[in-house]
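Shown next, in structure tokens, is the structure this report addresses.
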Amino acid sequence: MHLEKTRVLAVSNQKGGVGKTTTAINLGTALAAIGQRVLIVDMDPQGNASTGLGVPRETRRTTIYDVVVDGRSVEDAAVATTVPGLHIIPADPDMSGVEIELSQSDRRSYRLRDALSPTGRSAPLAYDYVLIDCPPSLNLLTLNAMAAADAVLVPLQCEFFALEGLTQLMKTVEMVRQSLNPSLEIQGLVLTMFDRRNALSGQVEADVRAHFGAKVYDSVIPRNVRVSEAPSFGKPVLIYDLKCAGSQAYLRLAREVVARERSRLQAA
């Protein structure tokens, strides 16, 4: 089932090393695998999502920089990946200069939103989901992502400081609601790098579920060697090793994301 309107999800956590880019790549791949049309927007100047999907730096001729700074269209910038139904708008180090380039611009926090918005385009986006891989910091790129998003999907590493990073993110979401995007919501929190042998992982999971209840996805992403190896081959883990525990977890997460979206539509 395809959505009538593209759903834009910002994959964000201001804490680094939580599996944010890994989640954007593999959730996008899993959504495509179950029949959804998906665009990943790489908003991180490091360009790791682009590399992880096998888009070499030398081939990134049109990037998200060209979209937000120069007004190039999403269609011009989107590149097909080796995964059927999955496209990406790549990033490159030029993105680091966006804050300076846009400092005097009108609607500087809305440049991505304008590019994705039906009102600013001649035709609707040909995607069911847009996943925005945000930088691990609060800057103009993150604000552009949250201003453009319908909801935030939060990867959360099962470690001691997880809830501390989450508190920062919740403050940011509330700030964006008040100033840029009143309808922004939390789509869900996904626990990543879960190690069943480690009592701390279980404790973090219990704490997060106690605090956030149904907002936490049932699907948990395990700590998995194959998930860690896959980016070095320029592949999502579902292509690298479909049968591994990490791939199966991302497929479950994709089904859960789609189910939440269907419930939201039915309730509307």
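Ordering of the structure tokens sets the chain letters (A, B, ...); residue numbers start at 1 within each chain; ligands are numbered from 1 in the order shown.
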
Task: Neighbour list for Leu143 in chain A as number ranges by chain, cut-off 12 Å, only C-alpha atoms, skip fewer than 6 positions in-chain - done: A: 10, 12, 14, 43, 99, 107-113, 132, 134-137, 149, 152, 169, 172-177, 179-181, 184

Open item on the list: as a ChimeraX atom specification, please: the residues near Asn224 in chain A (cut-off 12 Å, only C-alpha atoms, same-chain neighbours under 3 positions excluded).
Closed with: /A:19,22,192-196,220-221,227-230,237,241,243-250

Next, the residues of the selection above should be written as a PDB file, in the first residue's frame with N, CA, C and O atoms.
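Heads up, here's the output in result-v8.pdb:
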ATOM      1  N   GLY A  19      23.988   4.925  16.220  1.00  0.00           N
ATOM      2  CA  GLY A  19      23.427   4.095  15.145  1.00  0.00           C
ATOM      3  C   GLY A  19      22.434   4.847  14.276  1.00  0.00           C
ATOM      4  O   GLY A  19      21.570   4.251  13.637  1.00  0.00           O
ATOM      5  N   THR A  22      23.271   4.302  10.460  1.00  0.00           N
ATOM      6  CA  THR A  22      23.002   2.875  10.235  1.00  0.00           C
ATOM      7  C   THR A  22      21.500   2.622  10.173  1.00  0.00           C
ATOM      8  O   THR A  22      21.004   1.867   9.337  1.00  0.00           O
ATOM      9  N   THR A 192      19.013   0.677  19.876  1.00  0.00           N
ATOM     10  CA  THR A 192      20.047   0.129  18.999  1.00  0.00           C
ATOM     11  C   THR A 192      21.201  -0.447  19.820  1.00  0.00           C
ATOM     12  O   THR A 192      21.345  -0.148  21.009  1.00  0.00           O
ATOM     13  N   MET A 193      22.020  -1.265  19.152  1.00  0.00           N
ATOM     14  CA  MET A 193      23.225  -1.845  19.769  1.00  0.00           C
ATOM     15  C   MET A 193      22.884  -2.573  21.067  1.00  0.00           C
ATOM     16  O   MET A 193      23.606  -2.481  22.064  1.00  0.00           O
ATOM     17  N   PHE A 194      21.785  -3.278  21.064  1.00  0.00           N
ATOM     18  CA  PHE A 194      21.321  -4.000  22.248  1.00  0.00           C
ATOM     19  C   PHE A 194      22.102  -5.297  22.405  1.00  0.00           C
ATOM     20  O   PHE A 194      22.213  -6.083  21.465  1.00  0.00           O
ATOM     21  N   ASP A 195      22.662  -5.506  23.572  1.00  0.00           N
ATOM     22  CA  ASP A 195      23.465  -6.701  23.851  1.00  0.00           C
ATOM     23  C   ASP A 195      22.791  -7.490  24.972  1.00  0.00           C
ATOM     24  O   ASP A 195      22.803  -7.063  26.138  1.00  0.00           O
ATOM     25  N   ARG A 196      22.205  -8.623  24.635  1.00  0.00           N
ATOM     26  CA  ARG A 196      21.448  -9.404  25.623  1.00  0.00           C
ATOM     27  C   ARG A 196      22.347  -9.943  26.746  1.00  0.00           C
ATOM     28  O   ARG A 196      21.869 -10.278  27.823  1.00  0.00           O
ATOM     29  N   VAL A 220      13.862  -4.198  18.503  1.00  0.00           N
ATOM     30  CA  VAL A 220      15.130  -3.752  19.097  1.00  0.00           C
ATOM     31  C   VAL A 220      16.251  -4.194  18.155  1.00  0.00           C
ATOM     32  O   VAL A 220      16.261  -5.326  17.678  1.00  0.00           O
ATOM     33  N   ILE A 221      17.184  -3.294  17.880  1.00  0.00           N
ATOM     34  CA  ILE A 221      18.290  -3.610  16.963  1.00  0.00           C
ATOM     35  C   ILE A 221      19.464  -4.149  17.780  1.00  0.00           C
ATOM     36  O   ILE A 221      20.020  -3.442  18.629  1.00  0.00           O
ATOM     37  N   VAL A 227      26.132  -5.951  10.849  1.00  0.00           N
ATOM     38  CA  VAL A 227      25.663  -4.565  10.708  1.00  0.00           C
ATOM     39  C   VAL A 227      26.852  -3.610  10.669  1.00  0.00           C
ATOM     40  O   VAL A 227      26.887  -2.666   9.882  1.00  0.00           O
ATOM     41  N   SER A 228      27.856  -3.871  11.503  1.00  0.00           N
ATOM     42  CA  SER A 228      29.054  -3.023  11.551  1.00  0.00           C
ATOM     43  C   SER A 228      29.900  -3.152  10.291  1.00  0.00           C
ATOM     44  O   SER A 228      30.507  -2.183   9.835  1.00  0.00           O
ATOM     45  N   GLU A 229      29.964  -4.357   9.724  1.00  0.00           N
ATOM     46  CA  GLU A 229      30.808  -4.598   8.549  1.00  0.00           C
ATOM     47  C   GLU A 229      30.235  -4.022   7.261  1.00  0.00           C
ATOM     48  O   GLU A 229      30.972  -3.573   6.387  1.00  0.00           O
ATOM     49  N   ALA A 230      28.903  -4.043   7.143  1.00  0.00           N
ATOM     50  CA  ALA A 230      28.256  -3.741   5.863  1.00  0.00           C
ATOM     51  C   ALA A 230      28.661  -2.403   5.235  1.00  0.00           C
ATOM     52  O   ALA A 230      28.929  -2.344   4.023  1.00  0.00           O
ATOM     53  N   VAL A 237      22.993  -3.594   5.411  1.00  0.00           N
ATOM     54  CA  VAL A 237      23.193  -4.946   5.936  1.00  0.00           C
ATOM     55  C   VAL A 237      22.196  -5.936   5.315  1.00  0.00           C
ATOM     56  O   VAL A 237      22.489  -7.122   5.163  1.00  0.00           O
ATOM     57  N   ASP A 241      23.939  -9.221   4.212  1.00  0.00           N
ATOM     58  CA  ASP A 241      23.601 -10.511   4.830  1.00  0.00           C
ATOM     59  C   ASP A 241      22.160 -10.452   5.333  1.00  0.00           C
ATOM     60  O   ASP A 241      21.898 -10.060   6.468  1.00  0.00           O
ATOM     61  N   LYS A 243      20.073 -12.666   6.217  1.00  0.00           N
ATOM     62  CA  LYS A 243      19.627 -13.585   7.265  1.00  0.00           C
ATOM     63  C   LYS A 243      20.158 -13.252   8.653  1.00  0.00           C
ATOM     64  O   LYS A 243      19.731 -13.855   9.639  1.00  0.00           O
ATOM     65  N   CYS A 244      21.095 -12.306   8.746  1.00  0.00           N
ATOM     66  CA  CYS A 244      21.676 -12.018  10.062  1.00  0.00           C
ATOM     67  C   CYS A 244      20.639 -11.349  10.971  1.00  0.00           C
ATOM     68  O   CYS A 244      19.627 -10.808  10.517  1.00  0.00           O
ATOM     69  N   ALA A 245      20.919 -11.360  12.263  1.00  0.00           N
ATOM     70  CA  ALA A 245      19.975 -10.841  13.251  1.00  0.00           C
ATOM     71  C   ALA A 245      19.668  -9.354  13.033  1.00  0.00           C
ATOM     72  O   ALA A 245      18.531  -8.908  13.214  1.00  0.00           O
ATOM     73  N   GLY A 246      20.689  -8.586  12.635  1.00  0.00           N
ATOM     74  CA  GLY A 246      20.483  -7.153  12.403  1.00  0.00           C
ATOM     75  C   GLY A 246      19.524  -6.885  11.262  1.00  0.00           C
ATOM     76  O   GLY A 246      18.626  -6.034  11.361  1.00  0.00           O
ATOM     77  N   SER A 247      19.684  -7.606  10.148  1.00  0.00           N
ATOM     78  CA  SER A 247      18.786  -7.436   8.995  1.00  0.00           C
ATOM     79  C   SER A 247      17.348  -7.754   9.373  1.00  0.00           C
ATOM     80  O   SER A 247      16.416  -7.015   9.034  1.00  0.00           O
ATOM     81  N   GLN A 248      17.164  -8.846  10.070  1.00  0.00           N
ATOM     82  CA  GLN A 248      15.819  -9.253  10.454  1.00  0.00           C
ATOM     83  C   GLN A 248      15.186  -8.232  11.406  1.00  0.00           C
ATOM     84  O   GLN A 248      13.989  -7.954  11.339  1.00  0.00           O
ATOM     85  N   ALA A 249      16.004  -7.640  12.284  1.00  0.00           N
ATOM     86  CA  ALA A 249      15.492  -6.620  13.208  1.00  0.00           C
ATOM     87  C   ALA A 249      15.035  -5.377  12.440  1.00  0.00           C
ATOM     88  O   ALA A 249      13.994  -4.786  12.764  1.00  0.00           O
ATOM     89  N   TYR A 250      15.802  -4.963  11.422  1.00  0.00           N
ATOM     90  CA  TYR A 250      15.400  -3.779  10.644  1.00  0.00           C
ATOM     91  C   TYR A 250      14.144  -4.048   9.810  1.00  0.00           C
ATOM     92  O   TYR A 250      13.316  -3.141   9.617  1.00  0.00           O
TER      93      TYR A 250
END

Task: Those in range 26-199 of chain A with alpha helix (DSSP H) from DSSP, as number ranges by chain - done: A: 26-33, 48-52, 64-70, 74-77, 98-101, 111-116, 140-148, 162-179, 199

Enumerate as a compact mmCIF listing (two decimals) with all heavy atoms, in the first residue's frame all residues of range 25-236 of chain A assigned to strand (DSSP E) by DSSP on the backbone, naming them with the chain letters and numbers the document uses.
# COMPACT_ATOMS: atom_id res chain seq x y z
N VAL A 38 11.15 4.95 -1.27
CA VAL A 38 11.87 5.64 -0.19
C VAL A 38 12.97 6.54 -0.75
O VAL A 38 13.70 6.16 -1.67
CB VAL A 38 12.51 4.61 0.78
CG1 VAL A 38 13.18 5.33 1.96
CG2 VAL A 38 11.47 3.62 1.29
N LEU A 39 13.09 7.74 -0.15
CA LEU A 39 14.20 8.65 -0.43
C LEU A 39 14.92 8.92 0.88
O LEU A 39 14.29 9.31 1.87
CB LEU A 39 13.68 9.96 -1.01
CG LEU A 39 14.73 11.08 -1.19
CD1 LEU A 39 15.74 10.70 -2.28
CD2 LEU A 39 14.06 12.42 -1.52
N ILE A 40 16.23 8.70 0.90
CA ILE A 40 17.05 9.10 2.04
C ILE A 40 17.71 10.43 1.70
O ILE A 40 18.27 10.59 0.60
CB ILE A 40 18.12 8.03 2.37
CG1 ILE A 40 17.43 6.76 2.90
CG2 ILE A 40 19.12 8.56 3.39
CD1 ILE A 40 18.38 5.61 3.16
N VAL A 41 17.63 11.39 2.60
CA VAL A 41 18.31 12.67 2.43
C VAL A 41 19.48 12.70 3.40
O VAL A 41 19.29 12.66 4.62
CB VAL A 41 17.36 13.86 2.71
CG1 VAL A 41 18.11 15.18 2.60
CG2 VAL A 41 16.18 13.83 1.74
N ASP A 42 20.69 12.74 2.87
CA ASP A 42 21.90 12.74 3.70
C ASP A 42 22.23 14.19 4.06
O ASP A 42 22.76 14.94 3.26
CB ASP A 42 23.05 12.09 2.92
CG ASP A 42 24.27 11.84 3.79
OD1 ASP A 42 24.31 12.33 4.93
OD2 ASP A 42 25.20 11.15 3.31
N VAL A 79 19.60 10.15 -6.39
CA VAL A 79 20.36 9.13 -7.10
C VAL A 79 19.78 7.76 -6.77
O VAL A 79 19.52 7.46 -5.60
CB VAL A 79 21.85 9.17 -6.65
CG1 VAL A 79 22.65 8.07 -7.35
CG2 VAL A 79 22.46 10.53 -6.91
N ALA A 80 19.58 6.93 -7.78
CA ALA A 80 19.11 5.56 -7.52
C ALA A 80 20.22 4.76 -6.85
O ALA A 80 21.40 4.89 -7.21
CB ALA A 80 18.69 4.90 -8.83
N LEU A 86 14.73 2.51 -3.70
CA LEU A 86 15.44 3.37 -2.73
C LEU A 86 16.36 4.34 -3.45
O LEU A 86 17.24 3.93 -4.21
CB LEU A 86 16.27 2.51 -1.76
CG LEU A 86 17.10 3.27 -0.71
CD1 LEU A 86 16.20 4.04 0.24
CD2 LEU A 86 17.99 2.30 0.08
N HIS A 87 16.14 5.64 -3.22
CA HIS A 87 17.00 6.69 -3.76
C HIS A 87 17.66 7.45 -2.61
O HIS A 87 17.18 7.40 -1.47
CB HIS A 87 16.19 7.68 -4.62
CG HIS A 87 15.71 7.11 -5.91
ND1 HIS A 87 14.69 6.19 -5.99
CD2 HIS A 87 16.13 7.32 -7.19
CE1 HIS A 87 14.48 5.87 -7.27
NE2 HIS A 87 15.34 6.53 -8.00
N ILE A 88 18.71 8.17 -2.92
CA ILE A 88 19.37 9.00 -1.91
C ILE A 88 19.78 10.33 -2.53
O ILE A 88 20.19 10.38 -3.70
CB ILE A 88 20.60 8.29 -1.30
CG1 ILE A 88 21.20 9.14 -0.17
CG2 ILE A 88 21.66 7.94 -2.35
CD1 ILE A 88 22.22 8.42 0.71
N ILE A 89 19.62 11.40 -1.76
CA ILE A 89 20.27 12.68 -2.10
C ILE A 89 21.55 12.72 -1.29
O ILE A 89 21.51 12.79 -0.06
CB ILE A 89 19.38 13.89 -1.76
CG1 ILE A 89 18.08 13.83 -2.56
CG2 ILE A 89 20.13 15.18 -2.06
CD1 ILE A 89 17.13 15.00 -2.30
N TYR A 129 8.06 7.49 1.71
CA TYR A 129 8.80 7.96 2.89
C TYR A 129 10.06 8.70 2.46
O TYR A 129 10.77 8.26 1.56
CB TYR A 129 9.21 6.78 3.79
CG TYR A 129 8.04 6.12 4.47
CD1 TYR A 129 7.41 5.02 3.90
CD2 TYR A 129 7.53 6.62 5.67
CE1 TYR A 129 6.32 4.41 4.51
CE2 TYR A 129 6.44 6.03 6.29
CZ TYR A 129 5.84 4.93 5.70
OH TYR A 129 4.75 4.36 6.30
N VAL A 130 10.32 9.81 3.14
CA VAL A 130 11.61 10.49 3.07
C VAL A 130 12.24 10.36 4.45
O VAL A 130 11.63 10.76 5.46
CB VAL A 130 11.47 11.97 2.69
CG1 VAL A 130 12.83 12.67 2.76
CG2 VAL A 130 10.87 12.13 1.30
N LEU A 131 13.42 9.76 4.52
CA LEU A 131 14.16 9.64 5.79
C LEU A 131 15.34 10.61 5.73
O LEU A 131 16.17 10.52 4.82
CB LEU A 131 14.69 8.21 5.98
CG LEU A 131 13.67 7.07 5.98
CD1 LEU A 131 14.38 5.74 6.21
CD2 LEU A 131 12.59 7.28 7.04
N ILE A 132 15.40 11.54 6.67
CA ILE A 132 16.48 12.53 6.70
C ILE A 132 17.51 12.11 7.75
O ILE A 132 17.19 12.02 8.94
CB ILE A 132 15.97 13.93 7.03
CG1 ILE A 132 14.79 14.32 6.11
CG2 ILE A 132 17.08 14.95 6.90
CD1 ILE A 132 14.08 15.61 6.53
N ASP A 133 18.73 11.83 7.29
CA ASP A 133 19.81 11.47 8.22
C ASP A 133 20.44 12.77 8.73
O ASP A 133 21.14 13.45 7.99
CB ASP A 133 20.85 10.60 7.50
CG ASP A 133 21.94 10.12 8.45
OD1 ASP A 133 21.66 9.98 9.66
OD2 ASP A 133 23.08 9.90 7.99
N ALA A 151 7.65 14.02 11.48
CA ALA A 151 7.92 13.38 12.77
C ALA A 151 9.40 13.05 12.88
O ALA A 151 10.12 13.02 11.87
CB ALA A 151 7.08 12.11 12.92
N VAL A 152 9.84 12.79 14.11
CA VAL A 152 11.23 12.44 14.38
C VAL A 152 11.28 10.97 14.80
O VAL A 152 10.48 10.52 15.63
CB VAL A 152 11.82 13.32 15.51
CG1 VAL A 152 13.28 12.96 15.76
CG2 VAL A 152 11.70 14.79 15.15
N LEU A 153 12.22 10.24 14.23
CA LEU A 153 12.49 8.86 14.64
C LEU A 153 13.84 8.87 15.34
O LEU A 153 14.83 9.34 14.77
CB LEU A 153 12.50 7.95 13.41
CG LEU A 153 12.56 6.45 13.66
CD1 LEU A 153 11.89 5.70 12.49
CD2 LEU A 153 13.99 5.94 13.81
N VAL A 154 13.87 8.40 16.58
CA VAL A 154 15.05 8.57 17.43
C VAL A 154 15.75 7.24 17.69
O VAL A 154 15.21 6.38 18.39
CB VAL A 154 14.66 9.19 18.79
CG1 VAL A 154 15.91 9.50 19.61
CG2 VAL A 154 13.80 10.43 18.61
N PRO A 155 16.95 7.03 17.13
CA PRO A 155 17.76 5.86 17.52
C PRO A 155 18.41 6.13 18.87
O PRO A 155 18.90 7.23 19.13
CB PRO A 155 18.83 5.76 16.42
CG PRO A 155 18.43 6.75 15.37
CD PRO A 155 17.61 7.79 16.06
N LEU A 156 18.40 5.12 19.72
CA LEU A 156 18.89 5.29 21.09
C LEU A 156 19.77 4.10 21.46
O LEU A 156 19.30 2.98 21.54
CB LEU A 156 17.67 5.35 22.03
CG LEU A 156 17.84 5.99 23.39
CD1 LEU A 156 18.17 7.47 23.24
CD2 LEU A 156 16.56 5.82 24.19
N GLN A 157 21.05 4.37 21.66
CA GLN A 157 21.98 3.29 22.00
C GLN A 157 21.74 2.83 23.43
O GLN A 157 21.51 3.64 24.34
CB GLN A 157 23.42 3.78 21.85
CG GLN A 157 24.45 2.69 22.06
CD GLN A 157 25.87 3.21 21.89
OE1 GLN A 157 26.07 4.38 21.57
NE2 GLN A 157 26.85 2.35 22.10
N GLU A 185 6.14 15.79 15.58
CA GLU A 185 5.88 14.82 16.66
C GLU A 185 7.00 13.79 16.70
O GLU A 185 7.83 13.72 15.79
CB GLU A 185 4.54 14.12 16.43
CG GLU A 185 4.47 13.36 15.12
CD GLU A 185 3.08 12.80 14.83
OE1 GLU A 185 2.10 13.29 15.42
OE2 GLU A 185 2.99 11.88 14.01
N ILE A 186 7.03 13.01 17.75
CA ILE A 186 7.96 11.89 17.84
C ILE A 186 7.26 10.66 17.27
O ILE A 186 6.24 10.23 17.79
CB ILE A 186 8.39 11.61 19.30
CG1 ILE A 186 9.03 12.85 19.94
CG2 ILE A 186 9.33 10.41 19.37
CD1 ILE A 186 10.41 13.18 19.47
N GLN A 187 7.80 10.11 16.16
CA GLN A 187 7.17 8.90 15.59
C GLN A 187 7.48 7.71 16.47
O GLN A 187 6.64 6.85 16.69
CB GLN A 187 7.69 8.67 14.16
CG GLN A 187 6.66 8.03 13.22
CD GLN A 187 6.72 6.50 13.17
OE1 GLN A 187 7.52 5.89 13.87
NE2 GLN A 187 5.87 5.90 12.35
N GLY A 188 8.72 7.66 16.98
CA GLY A 188 9.08 6.56 17.85
C GLY A 188 10.55 6.56 18.20
O GLY A 188 11.35 7.27 17.59
N LEU A 189 10.89 5.77 19.20
CA LEU A 189 12.28 5.59 19.62
C LEU A 189 12.67 4.14 19.35
O LEU A 189 11.92 3.22 19.71
CB LEU A 189 12.43 5.88 21.12
CG LEU A 189 12.25 7.32 21.59
CD1 LEU A 189 10.78 7.67 21.77
CD2 LEU A 189 12.96 7.53 22.92
N VAL A 190 13.83 3.96 18.74
CA VAL A 190 14.30 2.60 18.47
C VAL A 190 15.59 2.34 19.24
O VAL A 190 16.55 3.12 19.16
CB VAL A 190 14.49 2.34 16.96
CG1 VAL A 190 15.45 3.32 16.31
CG2 VAL A 190 14.96 0.91 16.71
N LEU A 191 15.59 1.28 20.02
CA LEU A 191 16.77 0.91 20.80
C LEU A 191 17.77 0.19 19.89
O LEU A 191 17.42 -0.76 19.20
CB LEU A 191 16.36 0.00 21.96
CG LEU A 191 15.47 0.70 22.99
CD1 LEU A 191 14.76 -0.32 23.87
CD2 LEU A 191 16.27 1.67 23.85
N THR A 192 19.01 0.68 19.88
CA THR A 192 20.05 0.13 19.00
C THR A 192 21.20 -0.45 19.82
O THR A 192 21.34 -0.15 21.01
CB THR A 192 20.60 1.21 18.05
OG1 THR A 192 21.25 2.24 18.84
CG2 THR A 192 19.49 1.85 17.21
N MET A 193 22.02 -1.26 19.15
CA MET A 193 23.23 -1.84 19.77
C MET A 193 22.88 -2.57 21.07
O MET A 193 23.61 -2.48 22.06
CB MET A 193 24.29 -0.77 20.00
CG MET A 193 24.65 -0.03 18.73
SD MET A 193 25.95 1.18 18.98
CE MET A 193 25.67 2.29 17.62
N PHE A 194 21.78 -3.28 21.06
CA PHE A 194 21.32 -4.00 22.25
C PHE A 194 22.10 -5.30 22.41
O PHE A 194 22.21 -6.08 21.46
CB PHE A 194 19.82 -4.31 22.11
CG PHE A 194 19.22 -4.93 23.34
CD1 PHE A 194 18.76 -4.14 24.37
CD2 PHE A 194 19.12 -6.31 23.46
CE1 PHE A 194 18.20 -4.70 25.52
CE2 PHE A 194 18.57 -6.89 24.60
CZ PHE A 194 18.11 -6.08 25.62
N VAL A 216 8.15 3.76 22.28
CA VAL A 216 9.32 2.92 22.01
C VAL A 216 8.88 1.75 21.13
O VAL A 216 7.93 1.04 21.47
CB VAL A 216 9.96 2.39 23.31
CG1 VAL A 216 11.27 1.67 23.01
CG2 VAL A 216 10.20 3.54 24.29
N TYR A 217 9.56 1.56 20.01
CA TYR A 217 9.22 0.44 19.13
C TYR A 217 9.46 -0.89 19.84
O TYR A 217 10.40 -1.03 20.64
CB TYR A 217 10.07 0.47 17.85
CG TYR A 217 9.86 1.68 16.99
CD1 TYR A 217 10.80 2.70 16.97
CD2 TYR A 217 8.72 1.81 16.19
CE1 TYR A 217 10.62 3.83 16.18
CE2 TYR A 217 8.54 2.93 15.40
CZ TYR A 217 9.49 3.94 15.40
OH TYR A 217 9.31 5.05 14.62
N ASP A 218 8.64 -1.88 19.53
CA ASP A 218 8.87 -3.23 20.05
C ASP A 218 10.17 -3.80 19.49
O ASP A 218 10.90 -4.52 20.17
CB ASP A 218 7.70 -4.16 19.67
CG ASP A 218 6.41 -3.77 20.37
OD1 ASP A 218 6.48 -3.15 21.45
OD2 ASP A 218 5.33 -4.06 19.84
N SER A 219 10.44 -3.48 18.22
CA SER A 219 11.66 -3.99 17.56
C SER A 219 12.89 -3.37 18.19
O SER A 219 12.96 -2.14 18.37
CB SER A 219 11.63 -3.65 16.06
OG SER A 219 10.42 -4.08 15.48
N VAL A 220 13.86 -4.20 18.50
CA VAL A 220 15.13 -3.75 19.10
C VAL A 220 16.25 -4.19 18.15
O VAL A 220 16.26 -5.33 17.68
CB VAL A 220 15.32 -4.38 20.50
CG1 VAL A 220 16.69 -4.07 21.06
CG2 VAL A 220 14.22 -3.88 21.44
N ILE A 221 17.18 -3.29 17.88
CA ILE A 221 18.29 -3.61 16.96
C ILE A 221 19.46 -4.15 17.78
O ILE A 221 20.02 -3.44 18.63
CB ILE A 221 18.74 -2.36 16.18
CG1 ILE A 221 17.55 -1.64 15.54
CG2 ILE A 221 19.78 -2.77 15.12
CD1 ILE A 221 16.71 -2.46 14.59
N PRO A 222 19.87 -5.40 17.55
CA PRO A 222 20.94 -5.98 18.37
C PRO A 222 22.32 -5.48 17.94
O PRO A 222 22.51 -5.04 16.80
CB PRO A 222 20.81 -7.48 18.08
CG PRO A 222 20.28 -7.54 16.67
CD PRO A 222 19.36 -6.36 16.54

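Of the residues under consideration (A:Ile25, A:Ala115, A:Met146, A:Leu242), A:Ala115 shows the shortest atom-to-atom contact distance to Asp70 in chain A when counting only C-alpha atoms.
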
TODO: Go through A:Met95, A:Glu4, A:Gln178, A:Val11 one by one, measure the shortest atom-to-atom distance of each to Ala145 in chain A using only C-alpha atoms, and give the residue with the smallest value.
DONE: A:Val11

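You can rank A:Ser96, A:Pro236, A:Glu205, A:Pro84 by their closest distance to Ala24 in chain A using only C-alpha atoms, and at the top of that list sits A:Pro236.
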
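The coordinates place CA of Val69 in chain A at 10.5 Å from CA of Asp94 in chain A.
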
Task: For Leu141 in chain A, the nearest of the candidates A:Ala78, A:Val68, A:Leu166, A:Ala259, counting only C-alpha atoms - done: A:Val68

Open item on the list: Quick one: residues within 6 Å of range 47-63 of chain A, only C-alpha atoms, excluding same-chain residues fewer than 5 positions away - as number ranges by chain?
Closed with: A: 21, 77, 89-92, 231, 234-235

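Shortest separation to Ala123 in chain A among A:Gln203, A:Gln266, A:Ser73, A:Gln36 occurs at residue A:Ser73, atoms counted being only C-alpha atoms.
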
Open item on the list: Which residues are close to Leu200 in chain A, i.e. within 8 Å by only C-alpha atoms, leaving aside same-chain residues fewer than 4 positions away? Reply as a PyMOL selection string.
Closed with: chain A and resi 158-160+204

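Here CA of Lys15 in chain A is placed at a distance of 20.7 Å from CA of Ala148 in chain A.
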
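Across the model, the gap from CA of Ala147 in chain A to CA of Leu163 in chain A is 23.7 Å.
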